[in-house]
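Student: First the structure, which I've put down as structure tokens, then a few questions once you've had a look.
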Amino acid sequence: MVDDSNDDPSKIQSLSTNSPNDAGNDVKVSSKDQRDALPGEPQCIVCGRYGEYICDETDDDVCSLECKQSVLSRISKSSSSVGCLPPPKKLPAADECIYVRDTDNISGTPSLGGDHVQAELLRKKLDIHVKGVVSAPVMSFASCNLPDKLLQNIEAAGYEMPTPVQMQAIPAALVGKNMLVLADTGSGKSASFLIPIISRCASHRLMYVSDNKKPLAMVLTPTRELSIQVEEHAKLLGKGLPFKTALVVGGDAMARQLYRIQQGVELIVGTPGRLVDLLTKNEIDLDDVTTFVVDEVDCMLQRGFRDQVLQIFTALSQPQVLMYSATTSDSLEKMANSMAKDTVVITVGEPNRPNKAVKQLAIWVESKQKKQKLFDILKSQKHFKPPVVIYVGSRLGADLLANAITVSTGVKAVSIHGEKSMTERREIMQSFMVGEFPVVVATGVLGRGVDLLGVRQVIVFDMPNSINEYVHQIGRASRMGEEGQAIVFVNDENKNVFPELVDVLKSGAAAIPRELINSQYTTRVFSGGKGSKKRKHR
Ligand code: AMP
């Protein structure tokens, strides 16, 4: 294919006609991947870098798929008067047709690239796997035909380019697909459902002006913290658009939440319990909800939540269903399909695997020594990297440990768990985020999805009973691929997760404590106790 050192701008070749594989592998995805143009070379009309390719739609020089998308999006904008709606004629995705300059002058006339092949190559590059029919991933937000104000908000949030999960999920959600999306913690999943929701809600309100503003979309999450975060994220991205949100979670006054919904909102974000309360009292009308998101769906369909989620779902009129998680289970896909027909499964990376950016350090510590070990870490300048989240198994344990840390090490620690009021939990999170407390001791309320900006160290003091929960907890140590560290204390009390823990540690290239690898519970097939399934080390 193309050798940069030997480029001749006068030669053009069709990407697909000769050797699609070779060609596709070299196509620059982002403009950042492209070098500057040398004197006399063609320049990308979007960013000015080396115009290695020619956009077949416009004959413009472009440097990458990203800039090609920008060009296409400009055409689509000028041909579509309502910015938030799909253009009347489907425009090809950037990777569906792009020509590359041919240094060997083999070919003559350029021709269309192989749509499918190109989409697949791009997915391969981005580690995206798709089951079902979806359009090619997009390389820029601009190519999604979003309202201008939403694009401005995305830019103001500092999102230069979509993350891989956003590249694939946003266009699919915008055309109404039901989806099960499996991607790493911290990979930008929330924006991948919020952006399509905001776009659709805003366009709906612009087209159908009415005083009766019933909610159009709903996001369910398993914890109040995650609901708060998602709602704040939605507000940030929906600023200045006809898009209002309501938070519906336990612990805050129900009357106030209800009043807000009655005033007219587009999106409800909440936890299942409080929503079921409102529904059973016939307090809210969900007839117009057309998009239903279940975040952390593996957790939502497993625990006590399942019946509540289904109860809410059946109160809706066949909405588009978007399900998200970083971890999955055997029955999840089946269940997802039973909730929504023709569900497309989008997987980015490997589900159930720890975030690759988090380095795990498993330490074998007997239960009685755990506190002392923790104090040693917190007192060590080398090992303590605040702000730190410490996960424990119980509410009382969280309170006691936070207190013991402060007394024994002088490091200010605070606890957070489900027994504290919403106001308290908010205040605690705020003071933790601004650095007032370098340590927060938490139960599972901070385990899933919560974006703990700045946290790069997590200590799993009490190993949870489920390996998926562990994967979520350590995922809090990294956002958007930034490196983090997870220290996990392990001993025989955690034997029910030994086989899976070894798998997860191995997949993260972490050292495995001798006691763990030699344990009979790691190597032998065993019955994990009354009522539990037989486990086997895979
Ligand atoms: P999430 O996986 O949704 O919890 O998002 C993780 C973090 O990534 C959050 O802080 C988001 O604000 C941020 N984020 C989401 N999308 C992007 C993007 N395209 N570029 C940069 N940051 C992003």
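To be explicit about the labels: the chains of the structure tokens are called A, B, and onward in the order shown, and within each one the residues are counted from 1, while ligands get numbers from 1 in the order they are shown.
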If you count only C-alpha atoms and all ligand atoms, which residues end up within 9 Å of ligand 1, as number ranges by chain?

Tutor: A: 141, 154, 157-164, 166-167, 183-192, 229-230, 233, 449-453, 478-480

Student: Write out as a VMD selection string the residues lying within 7 Å of A:Val249, counting only C-alpha atoms and excluding same-chain residues fewer than 6 positions away.

Tutor: chain A and resid 224 270 to 271 274

Student: For the residues in that selection, give me N, CA, C and O atoms as a tab-separated table (two decimals), in the first residue's frame.

Tutor:
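Result saved to out25.tsv:
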chain	number	residue	atom	x	y	z
A	224	ARG	N	-27.79	5.14	43.63
A	224	ARG	CA	-28.13	6.57	43.60
A	224	ARG	C	-26.96	7.38	43.07
A	224	ARG	O	-27.13	8.33	42.33
A	270	GLY	N	-32.98	7.36	37.21
A	270	GLY	CA	-33.29	6.95	38.57
A	270	GLY	C	-32.97	5.51	38.87
A	270	GLY	O	-32.48	4.75	38.04
A	271	THR	N	-33.22	5.17	40.13
A	271	THR	CA	-33.05	3.79	40.59
A	271	THR	C	-34.43	3.12	40.56
A	271	THR	O	-35.45	3.79	40.73
A	274	ARG	N	-37.50	3.59	43.66
A	274	ARG	CA	-38.30	4.81	43.73
A	274	ARG	C	-39.21	4.95	42.52
A	274	ARG	O	-40.35	5.42	42.63

Student: Please return as an NGL selection string: the residues of stretch 152-207 of chain A that backbone DSSP assigns to strand (DSSP E or B).

Tutor: :A and (179-182)

Student: With N, CA and C atoms retained, write the just-selected residues as a CSV table (one decimal), in the first residue's frame.

Tutor:
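Result saved to again.csv:
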chain,number,residue,atom,x,y,z
A,179,MET,N,-30.1,-2.3,21.7
A,179,MET,CA,-28.7,-2.7,21.8
A,179,MET,C,-28.3,-3.3,23.2
A,180,LEU,N,-27.4,-4.2,23.2
A,180,LEU,CA,-26.7,-4.6,24.4
A,180,LEU,C,-25.3,-4.2,24.2
A,181,VAL,N,-24.8,-3.3,25.0
A,181,VAL,CA,-23.4,-2.8,24.8
A,181,VAL,C,-22.5,-3.2,25.9
A,182,LEU,N,-21.4,-3.9,25.6
A,182,LEU,CA,-20.5,-4.4,26.6
A,182,LEU,C,-19.2,-3.7,26.4

Student: Go through A:Val502, A:Ile363, A:Ser431, A:Val439 and flag the residue nearest A:Val488, using only C-alpha atoms for the distances.

Tutor: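 Answer, going by the shortest atom-to-atom distance: A:Ile363.
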
Student: Given only C-alpha atoms, how would the per-residue table for stretch 253-355 of chain A near stretch 505-514 of chain A read, listing every residue at most 9 Å away with its closest atom pair and distance in Å to one decimal, sorted by chain and number, as CSV?

Tutor:
residue,atom,partner,partner_atom,distance
A:Arg353,CA,A:Ser507,CA,7.1
A:Pro354,CA,A:Gly508,CA,6.8
A:Asn355,CA,A:Gly508,CA,8.1

Student: Output N, CA and C atoms for every residue in the selection just made, as an mmCIF file, in the first residue's frame.

Tutor:
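Here's the written file out_20.cif:
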data_model
loop_
_atom_site.group_PDB
_atom_site.id
_atom_site.type_symbol
_atom_site.label_atom_id
_atom_site.label_comp_id
_atom_site.auth_asym_id
_atom_site.auth_seq_id
_atom_site.Cartn_x
_atom_site.Cartn_y
_atom_site.Cartn_z
ATOM 1 N N ARG A 353 -13.473 -8.589 31.692
ATOM 2 C CA ARG A 353 -12.041 -8.489 31.927
ATOM 3 C C ARG A 353 -11.757 -7.162 32.593
ATOM 4 N N PRO A 354 -10.748 -7.106 33.453
ATOM 5 C CA PRO A 354 -10.482 -5.832 34.107
ATOM 6 C C PRO A 354 -9.982 -4.814 33.091
ATOM 7 N N ASN A 355 -10.258 -3.562 33.372
ATOM 8 C CA ASN A 355 -9.754 -2.476 32.561
ATOM 9 C C ASN A 355 -8.230 -2.642 32.445
#

Student: Calculated over only C-alpha atoms, which of the candidates A:Val130, A:Ala173, A:Ile198, A:Ala404 has the smallest distance to A:Gly238?

Tutor: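 Using only C-alpha atoms, A:Gly238 sits closest to A:Ile198.
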
Student: Extract, using only C-alpha atoms, all DNA, RNA and protein residues at most 8 Å from stretch 455-464 of chain A, discarding same-chain residues fewer than 5 positions from it, and format them as a ChimeraX atom specification.

Tutor: /A:370,374,385-393,469-470,473-474,476-478,483-490,494

Student: Taking only C-alpha atoms into account, name the residue in A:Ile45, A:Val175, A:Leu247, A:Ile228 that is nearest to A:Arg426.

Tutor: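 Closest candidate: A:Ile228.
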
Student: Pick from A:Val471, A:Ala402, A:Ile128, A:Ala202: nearest to A:Leu146, with only C-alpha atoms counted?

Tutor: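 Checking each of A:Val471, A:Ala402, A:Ile128, A:Ala202 against A:Leu146, counting only C-alpha atoms, the winner is A:Ala202.
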
Student: Any idea what's packed within 12 Å of A:Leu278, counting only C-alpha atoms, ignoring anything in its chain fewer than 3 positions away? Could you give it as a short mmCIF file (atom, residue, chain, number, x, y, z; two decimals) with N, CA and C atoms, in the first residue's frame?

Tutor:
data_model
loop_
_atom_site.label_atom_id
_atom_site.label_comp_id
_atom_site.auth_asym_id
_atom_site.auth_seq_id
_atom_site.Cartn_x
_atom_site.Cartn_y
_atom_site.Cartn_z
N VAL A 248 -34.76 10.58 40.04
CA VAL A 248 -35.76 9.89 40.86
C VAL A 248 -35.06 8.77 41.64
N VAL A 249 -34.60 9.11 42.84
CA VAL A 249 -33.90 8.11 43.67
C VAL A 249 -34.41 8.18 45.10
N GLY A 250 -34.24 7.07 45.81
CA GLY A 250 -34.61 7.07 47.22
C GLY A 250 -33.70 7.99 48.00
N MET A 254 -39.69 12.60 47.85
CA MET A 254 -40.39 12.14 46.65
C MET A 254 -41.23 13.27 46.03
N ALA A 255 -41.84 14.09 46.90
CA ALA A 255 -42.73 15.12 46.39
C ALA A 255 -41.99 16.07 45.46
N GLN A 257 -39.31 15.44 43.69
CA GLN A 257 -38.98 14.76 42.43
C GLN A 257 -40.21 14.69 41.52
N LEU A 258 -41.35 14.39 42.14
CA LEU A 258 -42.59 14.29 41.38
C LEU A 258 -42.98 15.64 40.78
N TYR A 259 -42.82 16.68 41.57
CA TYR A 259 -43.16 18.02 41.10
C TYR A 259 -42.35 18.37 39.85
N ILE A 261 -41.06 16.33 37.68
CA ILE A 261 -41.54 15.58 36.51
C ILE A 261 -42.82 16.22 35.97
N GLY A 270 -32.98 7.36 37.21
CA GLY A 270 -33.29 6.95 38.57
C GLY A 270 -32.97 5.51 38.87
N THR A 271 -33.22 5.17 40.13
CA THR A 271 -33.05 3.79 40.59
C THR A 271 -34.43 3.12 40.56
N PRO A 272 -34.46 1.79 40.38
CA PRO A 272 -35.75 1.12 40.17
C PRO A 272 -36.75 1.27 41.32
N GLY A 273 -36.27 1.18 42.57
CA GLY A 273 -37.19 1.18 43.70
C GLY A 273 -38.10 2.41 43.74
N ARG A 274 -37.50 3.59 43.66
CA ARG A 274 -38.30 4.81 43.73
C ARG A 274 -39.21 4.95 42.52
N LEU A 275 -38.74 4.51 41.36
CA LEU A 275 -39.59 4.61 40.18
C LEU A 275 -40.81 3.70 40.29
N LYS A 281 -48.16 4.22 42.53
CA LYS A 281 -49.09 5.25 43.01
C LYS A 281 -49.73 6.00 41.84
N ASN A 282 -49.47 5.52 40.64
CA ASN A 282 -49.98 6.17 39.42
C ASN A 282 -49.63 7.63 39.33
N GLU A 283 -48.44 7.95 39.82
CA GLU A 283 -48.07 9.36 39.87
C GLU A 283 -47.41 9.84 38.58
N ILE A 284 -46.85 8.92 37.78
CA ILE A 284 -46.19 9.40 36.56
C ILE A 284 -46.71 8.67 35.32
N ASP A 285 -46.72 9.43 34.24
CA ASP A 285 -47.20 8.89 32.97
C ASP A 285 -45.99 8.65 32.06
N LEU A 286 -45.74 7.38 31.76
CA LEU A 286 -44.55 7.06 30.98
C LEU A 286 -44.89 6.67 29.54
N GLN A 308 -38.35 -5.37 39.53
CA GLN A 308 -38.67 -3.94 39.44
C GLN A 308 -38.38 -3.41 38.04
N GLN A 311 -41.01 -4.59 35.78
CA GLN A 311 -42.27 -3.88 36.06
C GLN A 311 -42.27 -2.50 35.38
N ILE A 312 -41.15 -1.83 35.46
CA ILE A 312 -41.06 -0.50 34.82
C ILE A 312 -41.13 -0.68 33.30
N ALA A 315 -44.47 -1.09 31.86
CA ALA A 315 -45.32 0.11 31.90
C ALA A 315 -45.06 1.01 30.69
#

Student: Give me the residues near A:Cys47 as a PDB file with C-alpha atoms, in the first residue's frame, where near means some atom within 8 Å (using only C-alpha atoms) and where sequence neighbours in that chain fewer than 6 positions away do not count.

Tutor:
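File written: out-v8.pdb
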ATOM      1  CA  SER A  31      -6.294  13.303  11.863  1.00  0.00           C
ATOM      2  CA  CYS A  63      -5.959  13.179   5.714  1.00  0.00           C
ATOM      3  CA  CYS A  67     -11.742  14.456   8.433  1.00  0.00           C
TER       4      CYS A  67
END

Student: As a ChimeraX atom specification, list the residues of stretch 246-466 of chain A assigned to alpha helix (DSSP H) by DSSP on the backbone atoms of this structure.

Tutor: /A:254-262,272-280,297-300,305-314,330-339,370-379,395-409,422-433
